[in-house]
Structure formats: structure tokens, C-alpha cells
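Enquirer: For reference, the structure I am asking about is given below.
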2 protein chains.
Amino acid sequence: MRMQRIIRMLLTAFLVIFVSGSAVAKELLPSWNDGPAKIAIIEFVQAVINEKGSDFVEPSKRIAVFDHDGTLWVEYPMYTQVLFAFERVKKLAPQHPEWKTTQPFKALLEGDMKTVGASGMKGLMEILMATHSGMTAAEFEKEASEWLAAKNHPKFNRLYSECIYQPQLELLAYLRGNGFKTFIVSGGGIQFMRPITEKNYGIPPEQVVGSSVVSEFQVKDGKPVLVRMPKINFNNDKAGKPVGIYEHIGRRPILAFGNSDSDMQMIEYTMAGEGLRLGLFVHHTDADREYAYDRKSHVGTLDKALDKAGANGWIIVDMKKDWKEVFPDR
Amino acid sequence: MRMQRIIRMLLTAFLVIFVSGSAVAKELLPSWNDGPAKIAIIEFVQAVINEKGSDFVEPSKRIAVFDHDGTLWVEYPMYTQVLFAFERVKKLAPQHPEWKTTQPFKALLEGDMKTVGASGMKGLMEILMATHSGMTAAEFEKEASEWLAAKNHPKFNRLYSECIYQPQLELLAYLRGNGFKTFIVSGGGIQFMRPITEKNYGIPPEQVVGSSVVSEFQVKDGKPVLVRMPKINFNNDKAGKPVGIYEHIGRRPILAFGNSDSDMQMIEYTMAGEGLRLGLFVHHTDADREYAYDRKSHVGTLDKALDKAGANGWIIVDMKKDWKEVFPDR
């Protein structure tokens with residue numbers, strides 16, 4: 001058994017360096033540095049696709065789930081969707097004179113972010129509801145798409161929607177190339193993500209699971225439309241993630257990738273299934289190329305999961321050490 | 001333009017009869033009689049896959065949705081899931097002595113179906129909640145799977161789970177063969193259907209949209225599990241169907257197939273999109289081979305949709321006339 005494991009690791013190490021393609025030798029996951037995280041991923045994939053091995057998993061059960069903010073794209077210094085909501089408040093303000101005297105809108109319009117912050121989750125929800133409802137599905141999609149196609153991240157001089165991680169794009173493609181079906185399972189708004197997931201990650205709208213507002217079917221001017229209501233339908237975060245997976249996917253994933261304590265339940269649920277499983281967290285350790293934050297961060301807090309990773313066999317991916325590149329070339 | 005349409009119809013008529021496969025000529029949709037419904041389906045599919053035509057639809061947007069009860073499998077004389085719930089009441093009765101004196105459970109246990117019926121939707125919901133919650137996701141899946149693998153339909157002497165329509169199996173395969181992604185969008189319970197949809201229809205769990213109870217993530221004996229709660233989460237019926245499609249699929253289908261007034265909103269929503277669309281209803285007209293019911297039926301009522309079909313261009317599929325076979329050979 002021990003010899004078998006050594007042989008498998010040697011084989012994996014070989015695969016890590018080169019695997020022969022149809023014409024030329026092609027490196028697997030080229031933006032990942034050779035190290036324990038890359039080895040663990042390749043070892044896992046090779047084991048579950050090996051029909052003769054004891055860890056074989058049928059293609060239909062090769063479900064991989066990825067958190068979005070901080071796992072596939074940048075979430076720092078503030079979640080992209082929250083920035084979108086803030087800017088929408090400014091855009092919608094002329095139609096809402098009452099916001100001039102109502103918090104947290106008043107503070108937001110005056111640029112008093114301290115007061116906005118002090119309004120907490122309650123204030124944030126009011127802002128999200130005011131900016132994410134009251135329009136049709138098609139109108140919201142247009143708003144989100146246009147914003148995402150126009151707004152640059154202040155640090156990276158590229159669109160927010162292009163602040164995506166090259167090593168993860170390679171991992172998604174590697175998984176799909178080995179028969180996996182890849183899903184996003186995010187605390188973010190499901191309809192905010194959908195306009196960009198196919199283009200960015202090759203993940204179609206139906207493979208995106210997220211938070212949502214209540215929607216209503218209505219007939220407007222003789223046309224059937226879906227209208228977004230100012231009421232939370234589902235909060236796909238923390239303990240909500242395994243529930244979202246159950247409702248939306250209906251099978252337990254065999255691989256889950258997150259970056260914060262909010263992903264712990266999703267990864268615990270994934271790892272508790274039978275057979276070989278893989279759970280991973282991105283650890284943001286790279287202040288130069290991206291950001292360095294974890295236990296004390298106001299977004300993407302990674303604290304308990306760091307403590308529990310060792311005992312649970314979760315892989316901590318160290319952005320600085322494990323990723324050769326962070327963003328795709330342009 | 002008119003000539004183009006005539007040529008297309010002639011081409012379709014040819015395709016209906018024979019289309020050359022790799023080795024031998026193969027009839028399309030062999031269990032469908034040659035008639036307007038079959039022609040409409042093939043004409044639609046040929047138009048949306050024709051890259052040079054004005055009706056071309058990219059493969060990623062070829063979304064087809066099917067109702068379940070009465071559209072893909074038998075729903076008469078009673079929805080299969082309701083029978084499952086009734087039998088579970090009997091099975092669970094020893095653990096619920098209070099049911100001996102509580103309606104509608106008392107009546108159900110005494111076989112007094114008139115009183116059960118008189119308890120209406122409220123009574124039915126109580127029965128559904130009592131039998132579909134209070135267990136883990138895995139436990140419920142086991143219960144549903146075992147029941148579905150054991151119970152015969154009284155008329156057809158085959159398992160309920162095998163009372164599926166052969167022409168629809170051919171249609172699902174034909175659509176997938178032409179790049180469509182096929183979904184079930186049913187008022188039935190999402191987790192009741194999932195154990196059989198892949199085997200029956202080639203539709204994986206993640207492509208099943210349905211009604212659901214609230215589920216909760218809990219850690220039981222150190223194991224993370226999902227527990228089903230006695231509370232409706234979502235009612236994926238009537239005006240709920242377009243909402244379920246929006247949440248779960250995130251794109252408007254281009255083909256929708258139902259069989260009752262409960263499918264009208266789904267079909268209206270589908271047809272209201274831009275470009276070529278197809279909406280169809282199974283009309284149960286075959287008292288010999290299956291059942292004949294429509295306007296006055298207590299299940300699968302097809303009334304308003306029959307009246308509105310002509311003006312809206314919805315195809316009414318006449319089971320007796322349009323289907324050469326009803327069930328698959330065994």
C-alpha cells in the first residue's frame with residue numbers, strides 16, 4: 001500500500017511536469033507552481049478518472065463547485081457586487097428624493113462611507129434590495145452587464161469582470177477536460193454573476209448557484225415578464241451553500257474550492273461524502289500581485305478554516321507560493 | 001419567402017420519413033405518427049440548427065423544458081407522488097398515534113378517500129409535509145427510490161416509474177442529438193423526481209427543476225447532513241414555473257412541452273422570447289392505451305390552454321392520433 005502510494009506520487013510528479021498531448025508535450029496547469037497544492041489536485045483527478053482504481057468516480061458524478069468572490073475573481077477591497085449596488089444608488093438617486101434624508105442612502109450619496117459601514121448588514125441589505133429589485137429580469141441583466149463591461153478595478157487597471165485568476169481558469173478547463181461538470185456556488189447574486197460566467201469561466205448560467213431575490217411572473221403590456229421583488233429569496237452563503245447545492249445540483253460534489261470561512265460548510269459537506277474528495281481554499285497571501293488578507297479581513301475572512309484545515313485534510317493554496325501567474329495576459 | 005417555406009416543408013417532410021445515418025437510413029421519432037405535430041417539431045429543430053438560416057440558435061441557447069406529470073410519465077388517475085405520500089402515511093402511522101384522531105390522516109388511514117379529497121389543497125399539503133420532511137436528504141432519496149422501484153400502476157402492470165412515454169424519450173434524444181440541453185420543469189417535488197430522471201430520460205439531477213421544502217444544513221453525530229423541514233420552500237407550478245426557470249436555468253427556453261393549464265405560463269414565457277419558439281401540450285385522448293381526460297379532470301386539467309392554443313400557435317399533440325406507441329417495449 002505504501003509502495004503503491006509512492007508510485008502514484010512519482011507518477012503524479014511526472015504528470016505535473018509534462019504530459020504528452022496529441023502533438024507536443026503540454027504542461028498541466030502551467031500557472032501553478034510545482035508544489036503540494038498542484039500535486040494534490042493532479043493526484044486527485046488522476047485517481048478519480050482511473051477506471052481500474054479503487055477511487056474511480058463515474059463522469060456523471062464528477063461535480064466540482066467553486067466559490068466566486070475571492071476564489072475565481074478579486075473580492076478586495078470590496079465585493080464587486082456591493083460596488084455595483086453603491087453606484088446604482090447614485091444613478092437612481094434622482095428618482096428617489098427621499099434618499100436625501102434616509103440612511104444609509106443619505107450617507108452613501110454624501111460619500112460618508114463610515115456611516116454606511118456602521119449601518120451594518122441591515123443597511124447593506126436595504127441598499128441591495130433598493131438596487132436589485134423593481135425591474136424585470138431582462139432590465140437587471142442589462143444593468144449588470146453594462147456595468148461589468150465598463151468599470152475598472154482601481155489597483156489592476158482592468159475591468160472588475162476581468163480580475164479573474166488565471167490558475168483557476170486552467171483548473172476549470174483541466175477538470176472539464178477530465179469529465180467534470182463545473183459549478184459556481186457563491187454568496188453573490190445569481191443573476192449578477194450569470195452575464196459573465198460563460199465568457200469568463202466557461203460556466204453556463206444553469207451551472208451558477210447563488211443568492212437571489214423573490215421574482216414574480218407578471219404580464220406587462222401583454223408580454224410575460226419576470227419582475228424582481230424587494231425581498232430575499234435565498235441566501236446562498238455559509239450553511240446556505242450545501243442547501244443551494246442540494247436544491248440546484250442535487251448531488252454532492254467531489255471537489256469544492258473556496259477562500260473564506262463562508263465556504264467551510266460547503267467544503268465540509270463535500271468532504272463528508274463517500275470516496276475520494278478534495279477541498280481547497282485560496283489563501284490571499286500576495287500583497288504585491290493581488291492582496292494579502294485573512295483572519296481580520298472585512299471581506300473574505302479566512303480564520304476558522306485556516307485553523308481547521310490541517311486536521312480535515314483541506315488544501316490551503318498559497319497565492320504567493322502556488323500561483324506563478326495571478327491574472328490572464330491581455 | 002413563400003417558396004422558401006414550401007421548400008423547407010418539403011425538406012422537412014422528407015426528413016420526417018428518412019434521414020440517412022452513418023450506415024443505414026434511420027427514421028426520426030419513430031413512435032410519432034407522421035402528422036402536423038411531428039412535422040412542426042422536426043421543422044423547428046431543423047430551422048434552429050441551420051447555421052445559414054435566419055432562425056439559427058447557438059447550441060448554448062438551445063434550452064428545452066418538459067413538464068413531468070402527464071408530459072413524460074403517467075399522472076392519471078392520481079399523481080404518482082401523491083400516492084407515494086399516501087402510502088408513507090400508512091407506513092409512518094405507528095410512529096404517529098395522533099393521526100388516528102387528526103384529519104386528513106384519520107380519513108386516509110381508514111381509506112375514506114372522499115374525506116381526504118374534501119380536505120382540499122390544505123389537507124394535501126399537510127400530508128405532503130408530514131411525509132416529505134423530518135428526514136435527511138439521503139434518507140428521503142432512499143425512501144423515494146425504493147418506492148419507485150417497487151410500486152406498479154394498476155392499469156399498466158408496470159412500475160409507476162416505468163409508465164413513461166416512448167415518443168417523448170425519442171424526442172428528448174432527438175433534441176439532445178441536435179445540441180439541445182433538456183430540463184424537467186415540474187410542479188412535482190424536485191427530490192422525488194431526481195432518483196429516476198437520469199435513468200428514465202437521460203436528464204441528470206442538476207437539470208431537474210421542481211417544488212421543494214426548506215432544507216437545513218446540520219451537523220448530526222459529527223456528520224454534516226441536510227435535513228428536510230416541514231415548510232414549503234418553492235411551489236414550481238403555474239406562474240412558479242417561469243420563476244423556477246429563471247432561478248435554476250437562467251435562460252429562457254426555446255421549446256417548452258406541457259400537458260395542462262399549469263404549464264401555460266411556462267409556455268407563454270417560452271414563446272414570448274425573440275426568434276423561433278415552440279410550445280406544445282400533450283392532449284390525453286387515448287382511453288384505450290392510456291387515459292382520456294382534459295377540461296373536467298381532477299388531475300392535469302387542460303381547459304384554457306386548449307382554447308388559447310390556436311391563437312397562440314401552441315401545438316396540441318393528440319396522444320391517440322400522434323403517438324404510434326405510448327410506452328417503451330419491455
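Every chain in the C-alpha cells takes a letter, A first, then B, and so on in the order presented; its residues are numbered from 1, and the ligands are numbered from 1 following the presented order.
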Pick out the chain A residues within 7 Å of chain B. Count only C-alpha atoms. Give them as a PDB file with all heavy atoms, in the first residue's frame.

Expert:
```pdb
ATOM      1  N   PRO A 205     -25.021  29.691 -17.481  1.00  0.00           N
ATOM      2  CA  PRO A 205     -25.903  30.218 -16.432  1.00  0.00           C
ATOM      3  C   PRO A 205     -26.526  29.131 -15.556  1.00  0.00           C
ATOM      4  O   PRO A 205     -26.667  29.325 -14.348  1.00  0.00           O
ATOM      5  CB  PRO A 205     -26.998  30.957 -17.217  1.00  0.00           C
ATOM      6  CG  PRO A 205     -26.467  31.176 -18.571  1.00  0.00           C
ATOM      7  CD  PRO A 205     -25.351  30.219 -18.813  1.00  0.00           C
ATOM      8  N   GLU A 206     -26.901  28.012 -16.167  1.00  0.00           N
ATOM      9  CA  GLU A 206     -27.591  26.963 -15.404  1.00  0.00           C
ATOM     10  C   GLU A 206     -26.655  26.260 -14.421  1.00  0.00           C
ATOM     11  O   GLU A 206     -27.113  25.500 -13.579  1.00  0.00           O
ATOM     12  CB  GLU A 206     -28.261  25.955 -16.347  1.00  0.00           C
ATOM     13  CG  GLU A 206     -27.325  25.202 -17.277  1.00  0.00           C
ATOM     14  CD  GLU A 206     -27.126  25.890 -18.628  1.00  0.00           C
ATOM     15  OE1 GLU A 206     -27.284  27.129 -18.705  1.00  0.00           O
ATOM     16  OE2 GLU A 206     -26.795  25.186 -19.596  1.00  0.00           O
ATOM     17  N   SER A 215     -38.725  36.539  -7.276  1.00  0.00           N
ATOM     18  CA  SER A 215     -39.178  37.041  -8.576  1.00  0.00           C
ATOM     19  C   SER A 215     -40.627  36.647  -8.799  1.00  0.00           C
ATOM     20  O   SER A 215     -41.083  35.639  -8.275  1.00  0.00           O
ATOM     21  CB  SER A 215     -38.314  36.468  -9.698  1.00  0.00           C
ATOM     22  OG  SER A 215     -36.996  36.906  -9.562  1.00  0.00           O
ATOM     23  N   GLU A 216     -41.314  37.457  -9.566  1.00  0.00           N
ATOM     24  CA  GLU A 216     -42.737  37.214  -9.830  1.00  0.00           C
ATOM     25  C   GLU A 216     -43.007  37.219 -11.315  1.00  0.00           C
ATOM     26  O   GLU A 216     -42.512  38.090 -12.040  1.00  0.00           O
ATOM     27  CB  GLU A 216     -43.566  38.335  -9.196  1.00  0.00           C
ATOM     28  CG  GLU A 216     -44.375  37.902  -8.013  1.00  0.00           C
ATOM     29  CD  GLU A 216     -45.243  39.044  -7.489  1.00  0.00           C
ATOM     30  OE1 GLU A 216     -45.880  39.761  -8.302  1.00  0.00           O
ATOM     31  OE2 GLU A 216     -45.248  39.207  -6.268  1.00  0.00           O
ATOM     32  N   PHE A 217     -43.810  36.259 -11.741  1.00  0.00           N
ATOM     33  CA  PHE A 217     -44.253  36.225 -13.129  1.00  0.00           C
ATOM     34  C   PHE A 217     -45.420  37.193 -13.294  1.00  0.00           C
ATOM     35  O   PHE A 217     -46.385  37.127 -12.551  1.00  0.00           O
ATOM     36  CB  PHE A 217     -44.691  34.809 -13.481  1.00  0.00           C
ATOM     37  CG  PHE A 217     -45.202  34.651 -14.888  1.00  0.00           C
ATOM     38  CD1 PHE A 217     -44.320  34.555 -15.957  1.00  0.00           C
ATOM     39  CD2 PHE A 217     -46.560  34.571 -15.144  1.00  0.00           C
ATOM     40  CE1 PHE A 217     -44.791  34.402 -17.260  1.00  0.00           C
ATOM     41  CE2 PHE A 217     -47.039  34.409 -16.445  1.00  0.00           C
ATOM     42  CZ  PHE A 217     -46.144  34.322 -17.501  1.00  0.00           C
ATOM     43  N   LYS A 223     -47.096  41.313 -22.427  1.00  0.00           N
ATOM     44  CA  LYS A 223     -45.871  40.498 -22.510  1.00  0.00           C
ATOM     45  C   LYS A 223     -45.587  39.833 -21.174  1.00  0.00           C
ATOM     46  O   LYS A 223     -45.556  40.507 -20.142  1.00  0.00           O
ATOM     47  CB  LYS A 223     -44.677  41.401 -22.870  1.00  0.00           C
ATOM     48  CG  LYS A 223     -44.538  41.674 -24.333  1.00  0.00           C
ATOM     49  CD  LYS A 223     -43.211  41.093 -24.845  1.00  0.00           C
ATOM     50  CE  LYS A 223     -43.123  41.016 -26.346  1.00  0.00           C
ATOM     51  NZ  LYS A 223     -42.137  40.051 -26.805  1.00  0.00           N
ATOM     52  N   PRO A 224     -45.352  38.512 -21.172  1.00  0.00           N
ATOM     53  CA  PRO A 224     -44.986  37.870 -19.909  1.00  0.00           C
ATOM     54  C   PRO A 224     -43.559  38.235 -19.512  1.00  0.00           C
ATOM     55  O   PRO A 224     -42.636  38.114 -20.320  1.00  0.00           O
ATOM     56  CB  PRO A 224     -45.092  36.378 -20.210  1.00  0.00           C
ATOM     57  CG  PRO A 224     -45.143  36.243 -21.680  1.00  0.00           C
ATOM     58  CD  PRO A 224     -45.401  37.580 -22.297  1.00  0.00           C
ATOM     59  N   ALA A 239     -23.939  28.188   5.761  1.00  0.00           N
ATOM     60  CA  ALA A 239     -24.749  26.957   5.794  1.00  0.00           C
ATOM     61  C   ALA A 239     -25.761  26.915   4.659  1.00  0.00           C
ATOM     62  O   ALA A 239     -26.362  25.864   4.402  1.00  0.00           O
ATOM     63  CB  ALA A 239     -25.464  26.842   7.145  1.00  0.00           C
ATOM     64  N   PRO A 242     -24.449  24.401   1.199  1.00  0.00           N
ATOM     65  CA  PRO A 242     -24.849  23.000   0.966  1.00  0.00           C
ATOM     66  C   PRO A 242     -26.328  22.887   0.572  1.00  0.00           C
ATOM     67  O   PRO A 242     -26.686  22.028  -0.229  1.00  0.00           O
ATOM     68  CB  PRO A 242     -24.601  22.324   2.316  1.00  0.00           C
ATOM     69  CG  PRO A 242     -23.633  23.204   3.027  1.00  0.00           C
ATOM     70  CD  PRO A 242     -23.888  24.598   2.536  1.00  0.00           C
ATOM     71  N   VAL A 243     -27.167  23.766   1.113  1.00  0.00           N
ATOM     72  CA  VAL A 243     -28.593  23.751   0.758  1.00  0.00           C
ATOM     73  C   VAL A 243     -28.763  24.131  -0.717  1.00  0.00           C
ATOM     74  O   VAL A 243     -29.496  23.468  -1.465  1.00  0.00           O
ATOM     75  CB  VAL A 243     -29.395  24.707   1.670  1.00  0.00           C
ATOM     76  CG1 VAL A 243     -30.851  24.803   1.218  1.00  0.00           C
ATOM     77  CG2 VAL A 243     -29.318  24.249   3.126  1.00  0.00           C
ATOM     78  N   HIS A 248     -30.102  22.868  -6.172  1.00  0.00           N
ATOM     79  CA  HIS A 248     -29.794  23.238  -7.551  1.00  0.00           C
ATOM     80  C   HIS A 248     -29.093  22.109  -8.316  1.00  0.00           C
ATOM     81  O   HIS A 248     -29.389  21.855  -9.478  1.00  0.00           O
ATOM     82  CB  HIS A 248     -28.897  24.482  -7.537  1.00  0.00           C
ATOM     83  CG  HIS A 248     -28.968  25.278  -8.790  1.00  0.00           C
ATOM     84  ND1 HIS A 248     -29.449  26.554  -8.852  1.00  0.00           N
ATOM     85  CD2 HIS A 248     -28.628  24.966 -10.062  1.00  0.00           C
ATOM     86  CE1 HIS A 248     -29.386  26.998 -10.089  1.00  0.00           C
ATOM     87  NE2 HIS A 248     -28.884  26.042 -10.843  1.00  0.00           N
ATOM     88  N   ILE A 249     -28.156  21.453  -7.643  1.00  0.00           N
ATOM     89  CA  ILE A 249     -27.353  20.429  -8.314  1.00  0.00           C
ATOM     90  C   ILE A 249     -27.909  19.043  -8.008  1.00  0.00           C
ATOM     91  O   ILE A 249     -27.972  18.181  -8.876  1.00  0.00           O
ATOM     92  CB  ILE A 249     -25.866  20.541  -7.896  1.00  0.00           C
ATOM     93  CG1 ILE A 249     -25.356  21.977  -8.129  1.00  0.00           C
ATOM     94  CG2 ILE A 249     -25.022  19.521  -8.643  1.00  0.00           C
ATOM     95  CD1 ILE A 249     -23.910  22.221  -7.694  1.00  0.00           C
ATOM     96  N   GLY A 250     -28.304  18.844  -6.761  1.00  0.00           N
ATOM     97  CA  GLY A 250     -28.936  17.565  -6.415  1.00  0.00           C
ATOM     98  C   GLY A 250     -27.973  16.411  -6.223  1.00  0.00           C
ATOM     99  O   GLY A 250     -28.393  15.269  -6.072  1.00  0.00           O
ATOM    100  N   GLU A 268     -17.068  21.161   4.022  1.00  0.00           N
ATOM    101  CA  GLU A 268     -17.370  20.057   4.952  1.00  0.00           C
ATOM    102  C   GLU A 268     -18.365  19.083   4.332  1.00  0.00           C
ATOM    103  O   GLU A 268     -18.196  17.863   4.402  1.00  0.00           O
ATOM    104  CB  GLU A 268     -17.967  20.608   6.264  1.00  0.00           C
ATOM    105  CG  GLU A 268     -16.939  21.225   7.189  1.00  0.00           C
ATOM    106  CD  GLU A 268     -17.566  22.043   8.323  1.00  0.00           C
ATOM    107  OE1 GLU A 268     -18.789  22.286   8.305  1.00  0.00           O
ATOM    108  OE2 GLU A 268     -16.811  22.454   9.212  1.00  0.00           O
ATOM    109  N   TYR A 269     -19.407  19.637   3.726  1.00  0.00           N
ATOM    110  CA  TYR A 269     -20.440  18.810   3.094  1.00  0.00           C
ATOM    111  C   TYR A 269     -19.833  17.976   1.958  1.00  0.00           C
ATOM    112  O   TYR A 269     -20.112  16.780   1.819  1.00  0.00           O
ATOM    113  CB  TYR A 269     -21.548  19.726   2.569  1.00  0.00           C
ATOM    114  CG  TYR A 269     -22.638  19.042   1.801  1.00  0.00           C
ATOM    115  CD1 TYR A 269     -23.495  18.133   2.418  1.00  0.00           C
ATOM    116  CD2 TYR A 269     -22.835  19.309   0.440  1.00  0.00           C
ATOM    117  CE1 TYR A 269     -24.511  17.510   1.703  1.00  0.00           C
ATOM    118  CE2 TYR A 269     -23.849  18.699  -0.274  1.00  0.00           C
ATOM    119  CZ  TYR A 269     -24.681  17.803   0.356  1.00  0.00           C
ATOM    120  OH  TYR A 269     -25.685  17.192  -0.356  1.00  0.00           O
ATOM    121  N   ALA A 272     -17.579  15.153   3.321  1.00  0.00           N
ATOM    122  CA  ALA A 272     -18.245  14.111   4.118  1.00  0.00           C
ATOM    123  C   ALA A 272     -18.848  13.003   3.259  1.00  0.00           C
ATOM    124  O   ALA A 272     -19.331  12.008   3.786  1.00  0.00           O
ATOM    125  CB  ALA A 272     -19.331  14.741   4.992  1.00  0.00           C
TER     126      ALA A 272
END
```

Enquirer: Just asking: which residues within range 97-322 of chain A are helix (DSSP H, G or I) according to DSSP, as number ranges by chain?

Expert: A: 97-101, 105-109, 113-118, 120-132, 137-148, 160-162, 166-177, 190-201, 205-207, 240-248, 261-271, 304-312, 319-322

Enquirer: In Å to one decimal, how far is CA of Leu276 in chain B from CA of Asp55 in chain B?

Expert: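 CA of Leu276 in chain B lies at a distance of 6.1 Å from CA of Asp55 in chain B.
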
Enquirer: So what do you get for CA of Gly179 in chain A versus CA of Ile49 in chain A, distance-wise?

Expert: 8.2 Å
